[in-house]
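Chemist: The following block contains the structure, expressed as structure tokens.
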Amino acid sequence: MVVTGILVNVPANSDLQFDFILPMASLAKTFDDLKTNTWDNFNMLDYIQLDKNFNPTVANLSGLEKQINQIYHKHSPNVKASFELQPLTQIHLAPERLGDFEGHGNAQYVSIFFIVAILILVVACINFMNLATARSARRAREIGLRKVAGAVRGQLILQFLCESVFISFLSLLLALVIVRLFLPVFNELASRKLNIDVSDARLWLSLFGIALLTGLISGSYPALFLSGFNPVKVLKGNVKSMGGNLLFRNTLVVVQFMVSIILLVGTVVIYNQLKFIRDRNPGFEKANLLYIPMTGDIWNKQQAFKNELSANPLTNNFAVTSDLPTDLGGWTLSVGWDGKDPHSQMSFPVVAVNEDFTNTFKIKLLNGRSFSRAFKADSNNYMINEKMARIMGLNANTAVGKSLTLWGNKGTIVGVVKDFNFKPVQQAIEPLVMPFNKMGGFVVVRTLPGKTSATIQALAKMSQQLNPAYPFTFDFLDQDLSNLYKGEQQMSNIFNLFAALGIFISCLGLYGLSAFMAEQRTKEIGVRKVLGASVLNLVYLLSSGITRLILIAIVIAIPLSWYAVNSWLAGFAYHISVSWLVFFTASVAALGIAWITVSYESVKAAIVNPIKSLRTE
């Protein structure tokens, strides 16, 4: 090949990630589908640049799709496939389609994080409302004097709203500084390359809009409540009788801890689901499997390479597969068998394997045999999985010996293997056809315990001898499996951070409220102590009200969190069952956190010498 051009690096947020571009004419020399003009294997993606004069209305795009389908069915009239256009900007977060590239985003996770962020903001607004109204006595005289001096209620409401909006914009400024400082840490946590585009006017409008809305919402109730004080009562010192906000304040505490419990349940369920994924047996023994792609000269020296692998005790347990179980790219409609419904049309994943596949991967053979060097006819035979046997209307016992046709090549099923995962656990196991490998692809080696480094060195030496012009590369299959769930792991990390933040903000508000309540009841506590109340009695008295509110929050949060986590788990074909213990643990944790939060102020108030609190009476 000759380099004819250098491209600017592809942005990190593009789905089109590549190292180099080849002309299709070059690929046509080796790619069978292009050489034989095959139309019923779907191994290509088509990108269409619309003409500048083309008006992309729904009707026009529908007409273009119809034209594309007419062209396709002219070449492949018997295949019931239809093609739909999709804007490039919608690919990343749209549901994955058949044949899509890897690396899709997840719209559900974006929605979850957006909702959690809104909930945390709501909790912060609740704190502001709670504390502003709870501490209203401190501003009562100011409000009374302003009203006596001629201030009308509208002016006072505007004043309080301006104060809360100012605090909100100050918070926005601090938030931008914190985000700027911690963005590299977050990018590391989420494996992203996010940055703040200071030239984006929509970003600034959105941030200012959020800050303004937050200030108005959080300041609305305190503004209405405080501006309604009667100046005569206030200036007489009769502030405690103003009340009227207790029910509202209690409701806000309930909402706050309801959010916290939902976040706690979500954290536990996400952790358990990820543990289930890590511990779940994919149907083959994933540990100690490393693979190297057949590239360069090795492609034409496969037999010599196999001889070298077989001769070395470190590498003699190996298999050759066209694709890896973690990334099956090929699928076809061209599969037939006796008794197949002529009107039925399914796509079937295909992975070509050699004689050592089941032994190397330690995949259970349910019936029949693996491919064998003793049977020359095996080059035209097939192995299938349980799901494929069921699709054919057979089972593991009856499928062996039946004929199967792939790409027009008729052969016999010689073995049925137990179903194994070759896709993420979000997707159910699909029917799989395994022809005999005649072309190469990947060499997968099962290393001996404790001999991984020595095995890599041996493979590097073989690569240097047989393929000196190409760099030696290898990877581990279990790492590839872990990467399939990288999105879920990142979500777990971010969700844990959000949950901790939400609970911390809730506790700050509860601490402020408990301090206010203790302050309001200082004289009552002094009288009770004089009459013989113990510290334990007083702590119970001060915390019992909060406990009732948390219990109400638990009752409301459990059904909401049950619905939320089960909706998320429904996206996995294989998932955990959510035990009642999860909800019980999260509820107890929330109650415990609340008790710890209020206990400090409660104990401090209970141990104060009653002489100090009653000396003004």
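Chain labels run A, B, ... following the order of the structure tokens; each chain numbers its residues from 1, and ligands are numbered from 1 in the order shown.
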Each residue of segment 447-544 of chain A with at least one atom at most 8 Å from segment 318-326 of chain A should appear once, together with its nearest atom pair and the corresponding distance in Å (one decimal); atoms considered: only C-alpha atoms; ordering: chain, then increasing residue number; output as a Markdown table.
Modeler:
| residue | atom | partner | partner_atom | distance |
| --- | --- | --- | --- | --- |
| A:Leu477 | CA | A:Thr326 | CA | 7.7 |
| A:Asp480 | CA | A:Thr326 | CA | 6.7 |
| A:Leu481 | CA | A:Thr326 | CA | 6.3 |
| A:Leu484 | CA | A:Thr326 | CA | 7.8 |
Chemist: Which residues come within 12 Å of Asp378 of chain A, counting only C-alpha atoms, excluding same-chain residues fewer than 3 positions away, as a PDB file with N, CA, C and O atoms, in the first residue's frame?
Modeler:
ATOM      1  N   VAL A 353     -14.922 -22.522  13.249  1.00  0.00           N
ATOM      2  CA  VAL A 353     -14.034 -23.030  14.308  1.00  0.00           C
ATOM      3  C   VAL A 353     -13.280 -24.253  13.796  1.00  0.00           C
ATOM      4  O   VAL A 353     -13.673 -24.871  12.805  1.00  0.00           O
ATOM      5  N   ASN A 354     -12.211 -24.600  14.499  1.00  0.00           N
ATOM      6  CA  ASN A 354     -11.464 -25.806  14.087  1.00  0.00           C
ATOM      7  C   ASN A 354     -11.680 -26.933  15.091  1.00  0.00           C
ATOM      8  O   ASN A 354     -12.542 -26.863  15.964  1.00  0.00           O
ATOM      9  N   GLU A 355     -10.861 -27.993  14.965  1.00  0.00           N
ATOM     10  CA  GLU A 355     -11.063 -29.212  15.761  1.00  0.00           C
ATOM     11  C   GLU A 355     -10.899 -28.983  17.267  1.00  0.00           C
ATOM     12  O   GLU A 355     -11.467 -29.735  18.062  1.00  0.00           O
ATOM     13  N   ARG A 369     -20.062 -34.944  18.367  1.00  0.00           N
ATOM     14  CA  ARG A 369     -18.611 -34.776  18.560  1.00  0.00           C
ATOM     15  C   ARG A 369     -18.173 -33.420  18.017  1.00  0.00           C
ATOM     16  O   ARG A 369     -18.924 -32.726  17.327  1.00  0.00           O
ATOM     17  N   SER A 370     -16.956 -33.071  18.366  1.00  0.00           N
ATOM     18  CA  SER A 370     -16.335 -31.896  17.769  1.00  0.00           C
ATOM     19  C   SER A 370     -15.784 -32.277  16.397  1.00  0.00           C
ATOM     20  O   SER A 370     -15.735 -33.454  16.039  1.00  0.00           O
ATOM     21  N   PHE A 371     -15.348 -31.270  15.656  1.00  0.00           N
ATOM     22  CA  PHE A 371     -14.642 -31.558  14.414  1.00  0.00           C
ATOM     23  C   PHE A 371     -13.387 -32.365  14.745  1.00  0.00           C
ATOM     24  O   PHE A 371     -12.775 -32.195  15.806  1.00  0.00           O
ATOM     25  N   SER A 372     -12.996 -33.243  13.832  1.00  0.00           N
ATOM     26  CA  SER A 372     -11.854 -34.123  14.099  1.00  0.00           C
ATOM     27  C   SER A 372     -10.985 -34.255  12.859  1.00  0.00           C
ATOM     28  O   SER A 372     -11.494 -34.275  11.722  1.00  0.00           O
ATOM     29  N   ARG A 373      -9.681 -34.343  13.091  1.00  0.00           N
ATOM     30  CA  ARG A 373      -8.746 -34.546  11.984  1.00  0.00           C
ATOM     31  C   ARG A 373      -8.918 -35.929  11.362  1.00  0.00           C
ATOM     32  O   ARG A 373      -8.492 -36.176  10.244  1.00  0.00           O
ATOM     33  N   ALA A 374      -9.530 -36.833  12.103  1.00  0.00           N
ATOM     34  CA  ALA A 374      -9.749 -38.204  11.591  1.00  0.00           C
ATOM     35  C   ALA A 374     -10.854 -38.264  10.542  1.00  0.00           C
ATOM     36  O   ALA A 374     -10.979 -39.256   9.832  1.00  0.00           O
ATOM     37  N   PHE A 375     -11.668 -37.198  10.451  1.00  0.00           N
ATOM     38  CA  PHE A 375     -12.782 -37.185   9.497  1.00  0.00           C
ATOM     39  C   PHE A 375     -12.532 -36.083   8.459  1.00  0.00           C
ATOM     40  O   PHE A 375     -12.717 -34.910   8.741  1.00  0.00           O
ATOM     41  N   ASN A 381     -18.824 -30.079   7.183  1.00  0.00           N
ATOM     42  CA  ASN A 381     -19.840 -30.343   8.205  1.00  0.00           C
ATOM     43  C   ASN A 381     -20.014 -29.134   9.127  1.00  0.00           C
ATOM     44  O   ASN A 381     -19.295 -28.138   9.020  1.00  0.00           O
ATOM     45  N   TYR A 382     -20.957 -29.288  10.067  1.00  0.00           N
ATOM     46  CA  TYR A 382     -21.294 -28.156  10.945  1.00  0.00           C
ATOM     47  C   TYR A 382     -21.485 -28.607  12.390  1.00  0.00           C
ATOM     48  O   TYR A 382     -21.860 -29.748  12.655  1.00  0.00           O
ATOM     49  N   MET A 383     -21.201 -27.655  13.290  1.00  0.00           N
ATOM     50  CA  MET A 383     -21.623 -27.773  14.681  1.00  0.00           C
ATOM     51  C   MET A 383     -22.621 -26.639  14.935  1.00  0.00           C
ATOM     52  O   MET A 383     -22.544 -25.591  14.288  1.00  0.00           O
ATOM     53  N   LYS A 410     -23.970 -27.759   1.398  1.00  0.00           N
ATOM     54  CA  LYS A 410     -24.731 -28.703   2.213  1.00  0.00           C
ATOM     55  C   LYS A 410     -23.783 -29.602   2.993  1.00  0.00           C
ATOM     56  O   LYS A 410     -22.808 -30.125   2.453  1.00  0.00           O
ATOM     57  N   GLY A 411     -24.065 -29.780   4.274  1.00  0.00           N
ATOM     58  CA  GLY A 411     -23.248 -30.648   5.118  1.00  0.00           C
ATOM     59  C   GLY A 411     -24.094 -31.293   6.197  1.00  0.00           C
ATOM     60  O   GLY A 411     -25.325 -31.184   6.189  1.00  0.00           O
ATOM     61  N   THR A 412     -23.429 -31.941   7.147  1.00  0.00           N
ATOM     62  CA  THR A 412     -24.120 -32.666   8.209  1.00  0.00           C
ATOM     63  C   THR A 412     -23.757 -32.073   9.566  1.00  0.00           C
ATOM     64  O   THR A 412     -22.609 -31.676   9.798  1.00  0.00           O
ATOM     65  N   ILE A 413     -24.749 -32.019  10.452  1.00  0.00           N
ATOM     66  CA  ILE A 413     -24.493 -31.574  11.829  1.00  0.00           C
ATOM     67  C   ILE A 413     -23.822 -32.719  12.580  1.00  0.00           C
ATOM     68  O   ILE A 413     -24.397 -33.799  12.715  1.00  0.00           O
ATOM     69  N   VAL A 414     -22.595 -32.474  13.084  1.00  0.00           N
ATOM     70  CA  VAL A 414     -21.861 -33.544  13.770  1.00  0.00           C
ATOM     71  C   VAL A 414     -21.866 -33.367  15.285  1.00  0.00           C
ATOM     72  O   VAL A 414     -21.548 -34.301  16.024  1.00  0.00           O
ATOM     73  N   GLY A 415     -22.227 -32.176  15.762  1.00  0.00           N
ATOM     74  CA  GLY A 415     -22.213 -31.965  17.208  1.00  0.00           C
ATOM     75  C   GLY A 415     -23.085 -30.793  17.624  1.00  0.00           C
ATOM     76  O   GLY A 415     -23.271 -29.840  16.853  1.00  0.00           O
ATOM     77  N   MET A 434     -21.742 -23.131  13.330  1.00  0.00           N
ATOM     78  CA  MET A 434     -20.274 -23.181  13.358  1.00  0.00           C
ATOM     79  C   MET A 434     -19.761 -24.110  12.271  1.00  0.00           C
ATOM     80  O   MET A 434     -19.710 -25.339  12.454  1.00  0.00           O
ATOM     81  N   PRO A 435     -19.391 -23.557  11.109  1.00  0.00           N
ATOM     82  CA  PRO A 435     -18.751 -24.386  10.078  1.00  0.00           C
ATOM     83  C   PRO A 435     -17.290 -24.639  10.414  1.00  0.00           C
ATOM     84  O   PRO A 435     -16.739 -24.006  11.324  1.00  0.00           O
ATOM     85  N   PHE A 436     -16.663 -25.530   9.673  1.00  0.00           N
ATOM     86  CA  PHE A 436     -15.233 -25.818   9.873  1.00  0.00           C
ATOM     87  C   PHE A 436     -14.417 -24.635   9.368  1.00  0.00           C
ATOM     88  O   PHE A 436     -14.679 -24.083   8.305  1.00  0.00           O
ATOM     89  N   ASN A 437     -13.402 -24.252  10.152  1.00  0.00           N
ATOM     90  CA  ASN A 437     -12.589 -23.088   9.802  1.00  0.00           C
ATOM     91  C   ASN A 437     -11.566 -23.456   8.731  1.00  0.00           C
ATOM     92  O   ASN A 437     -10.679 -24.267   8.966  1.00  0.00           O
ATOM     93  N   LYS A 438     -11.707 -22.828   7.564  1.00  0.00           N
ATOM     94  CA  LYS A 438     -10.751 -23.052   6.468  1.00  0.00           C
ATOM     95  C   LYS A 438      -9.937 -21.796   6.164  1.00  0.00           C
ATOM     96  O   LYS A 438      -9.087 -21.816   5.280  1.00  0.00           O
TER      97      LYS A 438
END
Chemist: Counting only C-alpha atoms, which residues of segment 331-436 of chain A fall within 10 Å of segment 446-462 of chain A, and what is the closest atom pair for each with its distance in Å at one decimal, ordered by chain and rising number, as CSV?
Modeler:
residue,atom,partner,partner_atom,distance
A:Asn359,CA,A:Arg446,CA,9.7
A:Thr360,CA,A:Arg446,CA,6.2
A:Phe361,CA,A:Arg446,CA,7.8
A:Lys362,CA,A:Arg446,CA,9.8
Chemist: Store the residues picked out above in a file with C-alpha atoms, as a compact mmCIF listing (two decimals), in the first residue's frame.
Modeler:
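Saved result, again_5.txt, follows:
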# COMPACT_ATOMS: atom_id res chain seq x y z
CA ASN A 359 -11.45 -28.35 24.14
CA THR A 360 -9.65 -24.98 24.26
CA PHE A 361 -12.71 -23.00 25.34
CA LYS A 362 -13.95 -25.84 27.58
Chemist: Enter the distance from atom CA of Trp407 of chain A to atom CA of Ala352 of chain A, in Å, rounded to one decimal.
Modeler: 13.0 Å
Chemist: Could you pull out the helix (DSSP H, G or I) residues of segment 312-468 of chain A, going by DSSP on the backbone, and write them as a PyMOL selection string?
Modeler: chain A and resi 357-361+376-380+386-391+396-399+452-466
Chemist: Separation of atom CA of Cys162 of chain A and atom CA of Gly215 of chain A, in Å?
Modeler: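 These atoms are spaced 8.1 Å apart.
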Chemist: Give me the residues near segment 503-507 of chain A as a list in words, where near means some atom within 7 Å (using only C-alpha atoms) and where sequence neighbours in that chain fewer than 4 positions away do not count.
Modeler: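 The filter keeps Val123, Ala124, Gln256, Phe257, Ser260, Ala499, Tyr511, Ala594 and Thr597 of chain A.
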Chemist: Residues within 12 Å of Glu65 of chain A, please, as a list in words. Count only C-alpha atoms; anything in the same chain fewer than 3 positions from it doesn't count.
Modeler: Ile48, Pro56, Val58, Ala59, Asn60, Leu61, Ser62, Ile68, Asn69, Gln70, Ile71, Tyr72, Ser82, Phe83, Glu84, Leu85 and Gln86 of chain A
Chemist: Take the residues from that selection and write them out as a short mmCIF file (atom, residue, chain, number, x, y, z; two decimals), in the first residue's frame, keeping all heavy atoms.
Modeler:
data_model
loop_
_atom_site.label_atom_id
_atom_site.label_comp_id
_atom_site.auth_asym_id
_atom_site.auth_seq_id
_atom_site.Cartn_x
_atom_site.Cartn_y
_atom_site.Cartn_z
N ILE A 48 -24.80 7.75 3.12
CA ILE A 48 -25.26 8.52 1.97
C ILE A 48 -25.16 10.01 2.27
O ILE A 48 -25.68 10.49 3.27
CB ILE A 48 -26.73 8.15 1.63
CG1 ILE A 48 -26.82 6.68 1.22
CG2 ILE A 48 -27.28 9.06 0.53
CD1 ILE A 48 -28.23 6.19 1.02
N PRO A 56 -34.94 17.13 3.02
CA PRO A 56 -35.10 15.87 3.78
C PRO A 56 -36.41 15.80 4.58
O PRO A 56 -36.41 15.62 5.79
CB PRO A 56 -33.89 15.86 4.70
CG PRO A 56 -33.59 17.30 4.94
CD PRO A 56 -33.98 18.03 3.68
N VAL A 58 -40.05 13.95 5.59
CA VAL A 58 -40.40 12.54 5.83
C VAL A 58 -40.80 11.86 4.54
O VAL A 58 -40.38 10.73 4.25
CB VAL A 58 -41.55 12.45 6.87
CG1 VAL A 58 -42.01 11.01 7.02
CG2 VAL A 58 -41.10 13.02 8.21
N ALA A 59 -41.59 12.55 3.71
CA ALA A 59 -42.05 11.97 2.44
C ALA A 59 -40.89 11.72 1.48
O ALA A 59 -40.80 10.66 0.85
CB ALA A 59 -43.09 12.90 1.80
N ASN A 60 -39.96 12.69 1.39
CA ASN A 60 -38.82 12.54 0.48
C ASN A 60 -37.88 11.44 0.93
O ASN A 60 -37.37 10.67 0.12
CB ASN A 60 -38.06 13.87 0.36
CG ASN A 60 -38.81 14.89 -0.46
OD1 ASN A 60 -39.76 14.56 -1.16
ND2 ASN A 60 -38.40 16.15 -0.36
N LEU A 61 -37.64 11.37 2.25
CA LEU A 61 -36.77 10.30 2.79
C LEU A 61 -37.41 8.94 2.60
O LEU A 61 -36.74 7.95 2.30
CB LEU A 61 -36.48 10.56 4.27
CG LEU A 61 -35.55 11.73 4.58
CD1 LEU A 61 -35.49 11.98 6.08
CD2 LEU A 61 -34.15 11.48 4.04
N SER A 62 -38.73 8.87 2.76
CA SER A 62 -39.45 7.61 2.54
C SER A 62 -39.32 7.16 1.09
O SER A 62 -39.14 5.98 0.80
CB SER A 62 -40.92 7.80 2.93
OG SER A 62 -41.64 6.61 2.72
N ILE A 68 -33.98 2.68 -2.50
CA ILE A 68 -32.88 1.82 -2.03
C ILE A 68 -33.34 0.37 -1.95
O ILE A 68 -32.64 -0.55 -2.39
CB ILE A 68 -32.37 2.31 -0.64
CG1 ILE A 68 -31.66 3.65 -0.78
CG2 ILE A 68 -31.44 1.27 -0.01
CD1 ILE A 68 -31.41 4.34 0.55
N ASN A 69 -34.53 0.15 -1.40
CA ASN A 69 -35.05 -1.22 -1.27
C ASN A 69 -35.34 -1.85 -2.62
O ASN A 69 -35.17 -3.05 -2.81
CB ASN A 69 -36.32 -1.21 -0.39
CG ASN A 69 -35.99 -1.07 1.08
OD1 ASN A 69 -35.20 -1.83 1.63
ND2 ASN A 69 -36.56 -0.08 1.74
N GLN A 70 -35.77 -1.04 -3.60
CA GLN A 70 -36.00 -1.56 -4.95
C GLN A 70 -34.69 -2.03 -5.58
O GLN A 70 -34.64 -3.10 -6.21
CB GLN A 70 -36.65 -0.48 -5.82
CG GLN A 70 -38.13 -0.25 -5.53
CD GLN A 70 -38.69 0.94 -6.29
OE1 GLN A 70 -37.96 1.74 -6.87
NE2 GLN A 70 -40.02 1.07 -6.28
N ILE A 71 -33.63 -1.25 -5.38
CA ILE A 71 -32.31 -1.64 -5.92
C ILE A 71 -31.86 -2.95 -5.29
O ILE A 71 -31.38 -3.87 -5.98
CB ILE A 71 -31.26 -0.53 -5.65
CG1 ILE A 71 -31.60 0.73 -6.45
CG2 ILE A 71 -29.85 -1.01 -5.98
CD1 ILE A 71 -30.80 1.96 -6.05
N TYR A 72 -32.04 -3.05 -3.94
CA TYR A 72 -31.60 -4.27 -3.25
C TYR A 72 -32.39 -5.49 -3.73
O TYR A 72 -31.80 -6.54 -4.04
CB TYR A 72 -31.75 -4.12 -1.74
CG TYR A 72 -31.38 -5.38 -1.00
CD1 TYR A 72 -30.05 -5.73 -0.82
CD2 TYR A 72 -32.36 -6.27 -0.56
CE1 TYR A 72 -29.69 -6.91 -0.20
CE2 TYR A 72 -32.02 -7.45 0.06
CZ TYR A 72 -30.69 -7.77 0.25
OH TYR A 72 -30.35 -8.95 0.86
N SER A 82 -35.38 -4.98 4.65
CA SER A 82 -35.71 -3.59 4.32
C SER A 82 -34.66 -2.68 4.95
O SER A 82 -34.14 -2.97 6.03
CB SER A 82 -37.11 -3.23 4.80
OG SER A 82 -37.18 -3.31 6.21
N PHE A 83 -34.36 -1.60 4.27
CA PHE A 83 -33.32 -0.67 4.71
C PHE A 83 -33.95 0.66 5.11
O PHE A 83 -34.83 1.17 4.41
CB PHE A 83 -32.29 -0.46 3.60
CG PHE A 83 -31.52 -1.70 3.26
CD1 PHE A 83 -32.03 -2.62 2.36
CD2 PHE A 83 -30.30 -1.95 3.85
CE1 PHE A 83 -31.33 -3.78 2.07
CE2 PHE A 83 -29.59 -3.10 3.56
CZ PHE A 83 -30.11 -4.02 2.66
N GLU A 84 -33.49 1.20 6.23
CA GLU A 84 -34.01 2.48 6.72
C GLU A 84 -32.85 3.45 6.92
O GLU A 84 -31.80 3.08 7.44
CB GLU A 84 -34.74 2.28 8.06
CG GLU A 84 -35.99 1.42 7.95
CD GLU A 84 -36.65 1.20 9.31
OE1 GLU A 84 -36.12 1.74 10.30
OE2 GLU A 84 -37.67 0.49 9.36
N LEU A 85 -33.09 4.68 6.52
CA LEU A 85 -32.08 5.72 6.71
C LEU A 85 -32.11 6.21 8.15
O LEU A 85 -33.17 6.27 8.77
CB LEU A 85 -32.35 6.89 5.76
CG LEU A 85 -32.19 6.58 4.27
CD1 LEU A 85 -32.77 7.70 3.43
CD2 LEU A 85 -30.73 6.37 3.92
N GLN A 86 -30.93 6.55 8.64
CA GLN A 86 -30.82 7.05 10.02
C GLN A 86 -29.84 8.21 10.04
O GLN A 86 -28.71 8.07 9.59
CB GLN A 86 -30.33 5.93 10.95
CG GLN A 86 -30.29 6.30 12.41
CD GLN A 86 -29.74 5.17 13.28
OE1 GLN A 86 -28.92 4.36 12.83
NE2 GLN A 86 -30.19 5.09 14.51
#
Chemist: Give me, please, the distance in Å between atom CA of Ile391 of chain A and atom CA of Ile363 of chain A, quoted to one decimal.
Modeler: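 Distance between the two atoms: 20.5 Å.
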Chemist: Nearest residue to Leu216 of chain A out of A:Asn380, A:Asn272, A:Asn316, A:Met129, using only C-alpha atoms?
Modeler: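 Nearest candidate to Leu216 of chain A out of A:Asn380, A:Asn272, A:Asn316, A:Met129: A:Met129.
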Chemist: Write down as a PyMOL selection string the residues of segment 302-406 of chain A whose backbone DSSP state falls under strand (DSSP E).
Modeler: chain A and resi 318-321+331-332+335-337+348-349+365-368+382-385+403-406
Chemist: Here is a test: counting only C-alpha atoms, which residue of A:Asn250, A:Thr295, A:Asn127, A:Ser220 is nearest to Gly502 of chain A?
Modeler: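 The closest residue to Gly502 of chain A is A:Asn127.
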Chemist: From the set A:Leu161, A:Val116, A:Ala396, A:Leu551, which residue has the shortest atom-to-atom contact distance to Val588 of chain A, counting only C-alpha atoms?
Modeler: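 Of A:Leu161, A:Val116, A:Ala396, A:Leu551, the one nearest Val588 of chain A is A:Leu551, counting only C-alpha atoms.
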